[in-house]
Amino acid sequence: MRIVLLGAPGSGKGTQSKLIMERYKVPQISTGDLLRAAVSAGTPLGQQAKAAMDAGQLVTDDIVLGMIRERLAMPDTQQGYILDGFPRNLAQAGALDDLLKELGKPLDVALLIDVDFDNLMQRLTGRQTCGSCGAVFNRHTNPSRKENVCDVCGGELTHRADDNEETIGKRLKVYEEQTRPLVQYYSERSLLQTVKGEGEIESIYKAVSEVLESCRK
Ligand SMILES: Nc1ncnc2c1ncn2[C@@H]1O[C@H](COP(=O)(O)OP(=O)(O)O)[C@@H](O)[C@H]1O
């Protein structure tokens, strides 16, 4: 199944992607993760991308499209994939359509995880990630947890470089201006499905999997 996951920063796309990946055995392709890996490896591409990422702006379409083109040529995407954080604007969506036309493998669904603005802000400002095992926590929603210690492995919790209040505001603005138009784009192509991304992770995932099952038929 070929899935585009849409949603603002903090909407839970990454969390839901991982659950979908386990169930459907398709890889999650996160342009954010690919870019962060390039930045920490210090590749030329990473060096180019870093400034835009730190400022909460989008990295240029050329860089991101090159990465996606390479990734979709890998054999593990034959049975499908989850695109998480891509496309992020109309130009990227058009380029993705062209690429998939070339490959003869169109998308099955664009799934929007819909979360209110206030909720997003709270989630993003409290987000902490374990440096050892990658688990994600929120100090607003589980304040009883020991400060900066991972519940899963005891590792140290860190903030993502772009999870500070100023950058968060910019990322949400970029989402509103550049990414939200994709909702209409996919709706016009009869590919859009929406689930509410508030409440328990498991109940959101239940709604997500119901949508995906209905798309498989
Ligand atoms: N498809 C993309 N196009 C341009 N820039 C991107 C794309 N995906 C990720 N980025 C860059 O990486 C940053 C982090 O992306 P991501 O991990 O998806 O974050 P978020 O949690 O804000 O959705 C973005 O703010 C942006 O600078």
# chains A, B, ... in the order shown; residues from 1 in each chain; ligands from 1

call {"tool": "residues_near_ligand", "arguments": {"ligand": "ligand 1", "cutoff": "9 Å", "atoms": "only C-alpha atoms and all ligand atoms", "output": "VMD selection string"}}
result
chain A and resid 7 to 14 30 to 36 49 to 61 63 to 65 68 84 to 89 92 124 162 to 163 167 to 168 170 to 172 174 to 175

call {"tool": "write_last_selection", "arguments": {"atoms": "C-alpha atoms", "output": "PDB file, in the first residue's frame"}}
result
ATOM      1  CA  GLY A   7      -0.459  16.459   9.229  1.00  0.00           C
ATOM      2  CA  ALA A   8       1.120  19.414  10.979  1.00  0.00           C
ATOM      3  CA  PRO A   9       4.357  19.149  12.952  1.00  0.00           C
ATOM      4  CA  GLY A  10       3.419  17.386  16.187  1.00  0.00           C
ATOM      5  CA  SER A  11       0.306  15.727  14.750  1.00  0.00           C
ATOM      6  CA  GLY A  12       1.715  12.280  15.461  1.00  0.00           C
ATOM      7  CA  LYS A  13       2.621  11.248  11.922  1.00  0.00           C
ATOM      8  CA  GLY A  14       5.854   9.628  13.066  1.00  0.00           C
ATOM      9  CA  SER A  30      10.503  10.342   6.594  1.00  0.00           C
ATOM     10  CA  THR A  31      12.220  13.205   4.810  1.00  0.00           C
ATOM     11  CA  GLY A  32      12.818  14.792   8.239  1.00  0.00           C
ATOM     12  CA  ASP A  33      14.691  11.654   9.420  1.00  0.00           C
ATOM     13  CA  LEU A  34      16.626  11.397   6.148  1.00  0.00           C
ATOM     14  CA  LEU A  35      17.625  15.051   6.420  1.00  0.00           C
ATOM     15  CA  ARG A  36      18.611  14.783  10.097  1.00  0.00           C
ATOM     16  CA  ALA A  49      19.922  21.514   4.467  1.00  0.00           C
ATOM     17  CA  LYS A  50      20.954  22.462   8.010  1.00  0.00           C
ATOM     18  CA  ALA A  51      20.373  26.206   7.908  1.00  0.00           C
ATOM     19  CA  ALA A  52      16.810  25.869   6.587  1.00  0.00           C
ATOM     20  CA  MET A  53      15.990  23.170   9.140  1.00  0.00           C
ATOM     21  CA  ASP A  54      17.342  25.167  12.090  1.00  0.00           C
ATOM     22  CA  ALA A  55      15.267  28.140  10.969  1.00  0.00           C
ATOM     23  CA  GLY A  56      12.068  26.078  10.677  1.00  0.00           C
ATOM     24  CA  GLN A  57      11.917  26.683   6.925  1.00  0.00           C
ATOM     25  CA  LEU A  58      11.605  24.080   4.195  1.00  0.00           C
ATOM     26  CA  VAL A  59      14.703  22.632   2.601  1.00  0.00           C
ATOM     27  CA  THR A  60      14.770  23.212  -1.191  1.00  0.00           C
ATOM     28  CA  ASP A  61      12.586  20.958  -3.328  1.00  0.00           C
ATOM     29  CA  ILE A  63      17.320  18.283  -2.313  1.00  0.00           C
ATOM     30  CA  VAL A  64      14.203  16.588  -1.002  1.00  0.00           C
ATOM     31  CA  LEU A  65      13.086  15.302  -4.397  1.00  0.00           C
ATOM     32  CA  ILE A  68      12.851  10.661  -2.461  1.00  0.00           C
ATOM     33  CA  ASP A  84       5.950  10.929   6.304  1.00  0.00           C
ATOM     34  CA  GLY A  85       6.702  14.638   5.923  1.00  0.00           C
ATOM     35  CA  PHE A  86       6.715  14.509   2.133  1.00  0.00           C
ATOM     36  CA  PRO A  87       5.256  16.114   0.057  1.00  0.00           C
ATOM     37  CA  ARG A  88       5.310  19.397   1.975  1.00  0.00           C
ATOM     38  CA  ASN A  89       4.147  21.823  -0.723  1.00  0.00           C
ATOM     39  CA  GLN A  92       6.586  18.485  -4.281  1.00  0.00           C
ATOM     40  CA  LEU A 124       5.827  20.403  20.298  1.00  0.00           C
ATOM     41  CA  ASP A 162      14.268  22.643  15.938  1.00  0.00           C
ATOM     42  CA  ASP A 163      11.901  22.098  18.913  1.00  0.00           C
ATOM     43  CA  THR A 167      11.185  27.675  15.445  1.00  0.00           C
ATOM     44  CA  ILE A 168       8.023  25.789  16.353  1.00  0.00           C
ATOM     45  CA  LYS A 170       7.665  29.156  12.186  1.00  0.00           C
ATOM     46  CA  ARG A 171       7.188  25.474  11.366  1.00  0.00           C
ATOM     47  CA  LEU A 172       3.477  25.737  12.106  1.00  0.00           C
ATOM     48  CA  VAL A 174       5.073  27.085   7.076  1.00  0.00           C
ATOM     49  CA  TYR A 175       2.623  24.191   7.493  1.00  0.00           C
TER      50      TYR A 175
END

call {"tool": "select_by_dssp", "arguments": {"residues": "segment 112-169 of chain A", "states": "helix (DSSP H, G or I)", "output": "list of chain:residue names"}}
result
A:Phe117, A:Asp118, A:Asn119, A:Leu120, A:Met121, A:Gln122, A:Arg123, A:Leu124, A:Thr125, A:Gly126, A:Glu165, A:Glu166, A:Thr167, A:Ile168, A:Gly169

call {"tool": "write_last_selection", "arguments": {"atoms": "N, CA, C and O atoms", "output": "PDB file, in the first residue's frame"}}
result
ATOM      1  N   PHE A 117      -4.695  23.525  16.680  1.00  0.00           N
ATOM      2  CA  PHE A 117      -3.485  24.331  16.818  1.00  0.00           C
ATOM      3  C   PHE A 117      -2.922  24.348  18.246  1.00  0.00           C
ATOM      4  O   PHE A 117      -1.731  24.137  18.456  1.00  0.00           O
ATOM      5  N   ASP A 118      -3.776  24.597  19.251  1.00  0.00           N
ATOM      6  CA  ASP A 118      -3.298  24.723  20.638  1.00  0.00           C
ATOM      7  C   ASP A 118      -2.635  23.432  21.105  1.00  0.00           C
ATOM      8  O   ASP A 118      -1.626  23.436  21.807  1.00  0.00           O
ATOM      9  N   ASN A 119      -3.256  22.350  20.716  1.00  0.00           N
ATOM     10  CA  ASN A 119      -2.746  21.038  21.054  1.00  0.00           C
ATOM     11  C   ASN A 119      -1.361  20.790  20.441  1.00  0.00           C
ATOM     12  O   ASN A 119      -0.454  20.264  21.094  1.00  0.00           O
ATOM     13  N   LEU A 120      -1.200  21.213  19.200  1.00  0.00           N
ATOM     14  CA  LEU A 120       0.083  21.040  18.502  1.00  0.00           C
ATOM     15  C   LEU A 120       1.184  21.794  19.225  1.00  0.00           C
ATOM     16  O   LEU A 120       2.271  21.267  19.460  1.00  0.00           O
ATOM     17  N   MET A 121       0.859  23.037  19.598  1.00  0.00           N
ATOM     18  CA  MET A 121       1.846  23.895  20.248  1.00  0.00           C
ATOM     19  C   MET A 121       2.293  23.232  21.554  1.00  0.00           C
ATOM     20  O   MET A 121       3.483  23.178  21.862  1.00  0.00           O
ATOM     21  N   GLN A 122       1.335  22.710  22.309  1.00  0.00           N
ATOM     22  CA  GLN A 122       1.663  22.090  23.588  1.00  0.00           C
ATOM     23  C   GLN A 122       2.530  20.840  23.391  1.00  0.00           C
ATOM     24  O   GLN A 122       3.522  20.631  24.076  1.00  0.00           O
ATOM     25  N   ARG A 123       2.138  20.054  22.395  1.00  0.00           N
ATOM     26  CA  ARG A 123       2.906  18.828  22.145  1.00  0.00           C
ATOM     27  C   ARG A 123       4.337  19.155  21.732  1.00  0.00           C
ATOM     28  O   ARG A 123       5.292  18.525  22.181  1.00  0.00           O
ATOM     29  N   LEU A 124       4.489  20.135  20.849  1.00  0.00           N
ATOM     30  CA  LEU A 124       5.827  20.403  20.298  1.00  0.00           C
ATOM     31  C   LEU A 124       6.755  21.029  21.333  1.00  0.00           C
ATOM     32  O   LEU A 124       7.934  20.699  21.387  1.00  0.00           O
ATOM     33  N   THR A 125       6.206  21.922  22.174  1.00  0.00           N
ATOM     34  CA  THR A 125       7.088  22.562  23.144  1.00  0.00           C
ATOM     35  C   THR A 125       7.513  21.579  24.234  1.00  0.00           C
ATOM     36  O   THR A 125       8.524  21.791  24.892  1.00  0.00           O
ATOM     37  N   GLY A 126       6.752  20.488  24.416  1.00  0.00           N
ATOM     38  CA  GLY A 126       7.112  19.535  25.465  1.00  0.00           C
ATOM     39  C   GLY A 126       7.824  18.301  24.963  1.00  0.00           C
ATOM     40  O   GLY A 126       8.172  17.410  25.726  1.00  0.00           O
ATOM     41  N   GLU A 165      10.648  27.314  20.978  1.00  0.00           N
ATOM     42  CA  GLU A 165       9.378  27.985  20.733  1.00  0.00           C
ATOM     43  C   GLU A 165       9.343  28.836  19.455  1.00  0.00           C
ATOM     44  O   GLU A 165       8.364  28.834  18.731  1.00  0.00           O
ATOM     45  N   GLU A 166      10.462  29.501  19.179  1.00  0.00           N
ATOM     46  CA  GLU A 166      10.492  30.371  18.012  1.00  0.00           C
ATOM     47  C   GLU A 166      10.385  29.547  16.720  1.00  0.00           C
ATOM     48  O   GLU A 166       9.593  29.846  15.831  1.00  0.00           O
ATOM     49  N   THR A 167      11.176  28.499  16.654  1.00  0.00           N
ATOM     50  CA  THR A 167      11.185  27.675  15.445  1.00  0.00           C
ATOM     51  C   THR A 167       9.873  26.919  15.284  1.00  0.00           C
ATOM     52  O   THR A 167       9.375  26.746  14.181  1.00  0.00           O
ATOM     53  N   ILE A 168       9.299  26.506  16.418  1.00  0.00           N
ATOM     54  CA  ILE A 168       8.023  25.789  16.353  1.00  0.00           C
ATOM     55  C   ILE A 168       6.954  26.670  15.705  1.00  0.00           C
ATOM     56  O   ILE A 168       6.212  26.232  14.829  1.00  0.00           O
ATOM     57  N   GLY A 169       6.902  27.925  16.138  1.00  0.00           N
ATOM     58  CA  GLY A 169       5.941  28.872  15.560  1.00  0.00           C
ATOM     59  C   GLY A 169       6.132  28.981  14.053  1.00  0.00           C
ATOM     60  O   GLY A 169       5.175  28.958  13.285  1.00  0.00           O
TER      61      GLY A 169
END

call {"tool": "residues_around", "arguments": {"residues": "Gly199 of chain A", "least_positions_apart": "5", "cutoff": "12 Å", "atoms": "only C-alpha atoms", "output": "number ranges by chain"}}
result
A: 11-12, 113-116, 119, 141, 204-207

call {"tool": "write_last_selection", "arguments": {"atoms": "N, CA, C and O atoms", "output": "PDB file, in the first residue's frame"}}
result
ATOM      1  N   SER A  11       1.625  16.376  14.875  1.00  0.00           N
ATOM      2  CA  SER A  11       0.306  15.727  14.750  1.00  0.00           C
ATOM      3  C   SER A  11       0.376  14.235  15.045  1.00  0.00           C
ATOM      4  O   SER A  11      -0.660  13.576  15.158  1.00  0.00           O
ATOM      5  N   GLY A  12       1.587  13.704  15.145  1.00  0.00           N
ATOM      6  CA  GLY A  12       1.715  12.280  15.461  1.00  0.00           C
ATOM      7  C   GLY A  12       1.964  11.417  14.236  1.00  0.00           C
ATOM      8  O   GLY A  12       1.798  10.191  14.291  1.00  0.00           O
ATOM      9  N   ILE A 113      -3.855  13.464   9.438  1.00  0.00           N
ATOM     10  CA  ILE A 113      -4.050  13.364  10.889  1.00  0.00           C
ATOM     11  C   ILE A 113      -4.280  14.782  11.396  1.00  0.00           C
ATOM     12  O   ILE A 113      -3.384  15.623  11.354  1.00  0.00           O
ATOM     13  N   ASP A 114      -5.512  15.018  11.828  1.00  0.00           N
ATOM     14  CA  ASP A 114      -5.968  16.372  12.095  1.00  0.00           C
ATOM     15  C   ASP A 114      -5.926  16.694  13.599  1.00  0.00           C
ATOM     16  O   ASP A 114      -6.539  15.990  14.399  1.00  0.00           O
ATOM     17  N   VAL A 115      -5.146  17.716  13.971  1.00  0.00           N
ATOM     18  CA  VAL A 115      -5.004  18.101  15.379  1.00  0.00           C
ATOM     19  C   VAL A 115      -5.138  19.621  15.503  1.00  0.00           C
ATOM     20  O   VAL A 115      -4.601  20.361  14.669  1.00  0.00           O
ATOM     21  N   ASP A 116      -5.868  20.083  16.547  1.00  0.00           N
ATOM     22  CA  ASP A 116      -6.049  21.528  16.752  1.00  0.00           C
ATOM     23  C   ASP A 116      -4.728  22.235  17.045  1.00  0.00           C
ATOM     24  O   ASP A 116      -3.829  21.672  17.672  1.00  0.00           O
ATOM     25  N   ASN A 119      -3.256  22.350  20.716  1.00  0.00           N
ATOM     26  CA  ASN A 119      -2.746  21.038  21.054  1.00  0.00           C
ATOM     27  C   ASN A 119      -1.361  20.790  20.441  1.00  0.00           C
ATOM     28  O   ASN A 119      -0.454  20.264  21.094  1.00  0.00           O
ATOM     29  N   THR A 141       2.433  16.169  29.065  1.00  0.00           N
ATOM     30  CA  THR A 141       1.410  15.134  29.232  1.00  0.00           C
ATOM     31  C   THR A 141       1.797  14.042  30.227  1.00  0.00           C
ATOM     32  O   THR A 141       0.934  13.399  30.801  1.00  0.00           O
ATOM     33  N   ILE A 204      -6.357   6.404  18.076  1.00  0.00           N
ATOM     34  CA  ILE A 204      -6.090   7.073  16.796  1.00  0.00           C
ATOM     35  C   ILE A 204      -5.656   6.017  15.774  1.00  0.00           C
ATOM     36  O   ILE A 204      -6.127   6.000  14.638  1.00  0.00           O
ATOM     37  N   TYR A 205      -4.801   5.101  16.225  1.00  0.00           N
ATOM     38  CA  TYR A 205      -4.339   4.059  15.307  1.00  0.00           C
ATOM     39  C   TYR A 205      -5.499   3.177  14.825  1.00  0.00           C
ATOM     40  O   TYR A 205      -5.522   2.743  13.674  1.00  0.00           O
ATOM     41  N   LYS A 206      -6.470   2.962  15.709  1.00  0.00           N
ATOM     42  CA  LYS A 206      -7.636   2.151  15.306  1.00  0.00           C
ATOM     43  C   LYS A 206      -8.358   2.838  14.140  1.00  0.00           C
ATOM     44  O   LYS A 206      -8.703   2.200  13.142  1.00  0.00           O
ATOM     45  N   ALA A 207      -8.556   4.155  14.280  1.00  0.00           N
ATOM     46  CA  ALA A 207      -9.212   4.908  13.201  1.00  0.00           C
ATOM     47  C   ALA A 207      -8.358   4.881  11.925  1.00  0.00           C
ATOM     48  O   ALA A 207      -8.875   4.708  10.813  1.00  0.00           O
TER      49      ALA A 207
END

call {"tool": "residues_around", "arguments": {"residues": "Ile82 of chain A", "least_positions_apart": "4", "cutoff": "10 Å", "atoms": "only C-alpha atoms", "output": "mmCIF file with N, CA and C atoms, in the first residue's frame"}}
result
data_model
loop_
_atom_site.group_PDB
_atom_site.id
_atom_site.type_symbol
_atom_site.label_atom_id
_atom_site.label_comp_id
_atom_site.auth_asym_id
_atom_site.auth_seq_id
_atom_site.Cartn_x
_atom_site.Cartn_y
_atom_site.Cartn_z
ATOM 1 N N MET A 1 0.838 -1.196 0.000
ATOM 2 C CA MET A 1 0.000 0.000 0.000
ATOM 3 C C MET A 1 0.879 1.254 0.000
ATOM 4 N N ARG A 2 0.535 2.176 -0.875
ATOM 5 C CA ARG A 2 1.323 3.425 -0.982
ATOM 6 C C ARG A 2 0.547 4.571 -0.338
ATOM 7 N N ILE A 3 1.141 5.073 0.754
ATOM 8 C CA ILE A 3 0.425 6.010 1.619
ATOM 9 C C ILE A 3 1.197 7.312 1.763
ATOM 10 N N VAL A 4 0.494 8.446 1.633
ATOM 11 C CA VAL A 4 1.056 9.736 2.052
ATOM 12 C C VAL A 4 0.393 10.097 3.372
ATOM 13 N N LEU A 5 1.198 10.383 4.394
ATOM 14 C CA LEU A 5 0.640 10.839 5.672
ATOM 15 C C LEU A 5 0.754 12.347 5.737
ATOM 16 N N LYS A 13 2.357 12.022 13.141
ATOM 17 C CA LYS A 13 2.621 11.248 11.922
ATOM 18 C C LYS A 13 3.689 10.178 12.160
ATOM 19 N N SER A 17 3.053 6.316 11.819
ATOM 20 C CA SER A 17 3.816 5.647 10.754
ATOM 21 C C SER A 17 4.429 4.358 11.256
ATOM 22 N N LYS A 18 4.998 4.429 12.469
ATOM 23 C CA LYS A 18 5.686 3.254 12.996
ATOM 24 C C LYS A 18 4.682 2.117 13.197
ATOM 25 N N ILE A 20 1.813 1.690 11.548
ATOM 26 C CA ILE A 20 1.382 1.221 10.220
ATOM 27 C C ILE A 20 2.460 0.316 9.616
ATOM 28 N N MET A 21 3.712 0.743 9.818
ATOM 29 C CA MET A 21 4.847 0.002 9.276
ATOM 30 C C MET A 21 4.871 -1.432 9.811
ATOM 31 N N TYR A 24 1.632 -3.344 8.267
ATOM 32 C CA TYR A 24 1.561 -3.578 6.822
ATOM 33 C C TYR A 24 2.904 -3.958 6.198
ATOM 34 N N VAL A 26 5.486 -2.249 5.446
ATOM 35 C CA VAL A 26 6.006 -1.342 4.426
ATOM 36 C C VAL A 26 6.884 -0.310 5.134
ATOM 37 N N PRO A 27 7.951 0.160 4.482
ATOM 38 C CA PRO A 27 8.850 1.103 5.159
ATOM 39 C C PRO A 27 8.235 2.489 5.324
ATOM 40 N N GLN A 28 8.646 3.147 6.411
ATOM 41 C CA GLN A 28 8.301 4.550 6.626
ATOM 42 C C GLN A 28 9.421 5.371 5.990
ATOM 43 N N ILE A 29 9.059 6.304 5.154
ATOM 44 C CA ILE A 29 10.069 7.171 4.561
ATOM 45 C C ILE A 29 9.818 8.580 5.068
ATOM 46 N N SER A 30 10.662 9.020 5.993
ATOM 47 C CA SER A 30 10.503 10.342 6.594
ATOM 48 C C SER A 30 11.596 11.255 6.063
ATOM 49 N N THR A 77 10.664 -0.828 -1.308
ATOM 50 C CA THR A 77 9.450 -0.021 -1.514
ATOM 51 C C THR A 77 8.498 -0.681 -2.524
ATOM 52 N N PHE A 86 6.559 14.235 3.565
ATOM 53 C CA PHE A 86 6.715 14.509 2.133
ATOM 54 C C PHE A 86 5.460 14.027 1.419
ATOM 55 N N VAL A 109 -3.634 6.300 -1.006
ATOM 56 C CA VAL A 109 -4.369 7.176 -0.092
ATOM 57 C C VAL A 109 -3.475 8.281 0.461
ATOM 58 N N ALA A 110 -4.083 9.444 0.698
ATOM 59 C CA ALA A 110 -3.411 10.512 1.451
ATOM 60 C C ALA A 110 -4.206 10.654 2.745
#

call {"tool": "atom_distance", "arguments": {"atom1": "atom CA of Gln184 of chain A", "atom2": "atom CA of Ile201 of chain A"}}
result
25.9 Å

call {"tool": "select_by_dssp", "arguments": {"residues": "segment 16-185 of chain A", "states": "strand (DSSP E or B)", "output": "ChimeraX atom specification"}}
result
/A:28-30,81-84,109-114,127-130,136-138,149,156-158

call {"tool": "write_last_selection", "arguments": {"atoms": "C-alpha atoms", "output": "JSON list (two decimals), in the first residue's frame"}}
result
[["chain", "number", "residue", "atom", "x", "y", "z"],
["A", 28, "GLN", "CA", 8.30, 4.55, 6.63],
["A", 29, "ILE", "CA", 10.07, 7.17, 4.56],
["A", 30, "SER", "CA", 10.50, 10.34, 6.59],
["A", 81, "TYR", "CA", 5.59, 2.68, 1.72],
["A", 82, "ILE", "CA", 4.48, 5.43, 4.05],
["A", 83, "LEU", "CA", 5.64, 8.91, 3.10],
["A", 84, "ASP", "CA", 5.95, 10.93, 6.30],
["A", 109, "VAL", "CA", -4.37, 7.18, -0.09],
["A", 110, "ALA", "CA", -3.41, 10.51, 1.45],
["A", 111, "LEU", "CA", -4.28, 10.28, 5.13],
["A", 112, "LEU", "CA", -4.58, 13.49, 7.12],
["A", 113, "ILE", "CA", -4.05, 13.36, 10.89],
["A", 114, "ASP", "CA", -5.97, 16.37, 12.10],
["A", 127, "ARG", "CA", 8.59, 16.99, 23.08],
["A", 128, "GLN", "CA", 11.67, 15.10, 24.30],
["A", 129, "THR", "CA", 13.42, 12.21, 22.59],
["A", 130, "CYS", "CA", 15.65, 9.56, 24.10],
["A", 136, "VAL", "CA", 9.44, 10.10, 22.30],
["A", 137, "PHE", "CA", 7.90, 11.66, 25.44],
["A", 138, "ASN", "CA", 6.10, 14.83, 26.38],
["A", 149, "VAL", "CA", 15.42, 10.17, 31.97],
["A", 156, "GLU", "CA", 19.12, 10.68, 28.51],
["A", 157, "LEU", "CA", 16.26, 12.68, 26.98],
["A", 158, "THR", "CA", 17.09, 15.49, 24.59]]

call {"tool": "closest_residue", "arguments": {"among": "A:Arg216, A:Arg189, A:Arg180, A:Arg160", "to": "Leu90 of chain A", "atoms": "only C-alpha atoms"}}
result
A:Arg180

call {"tool": "atom_distance", "arguments": {"atom1": "atom CA of Leu72 of chain A", "atom2": "atom CA of Leu45 of chain A"}}
result
18.1 Å
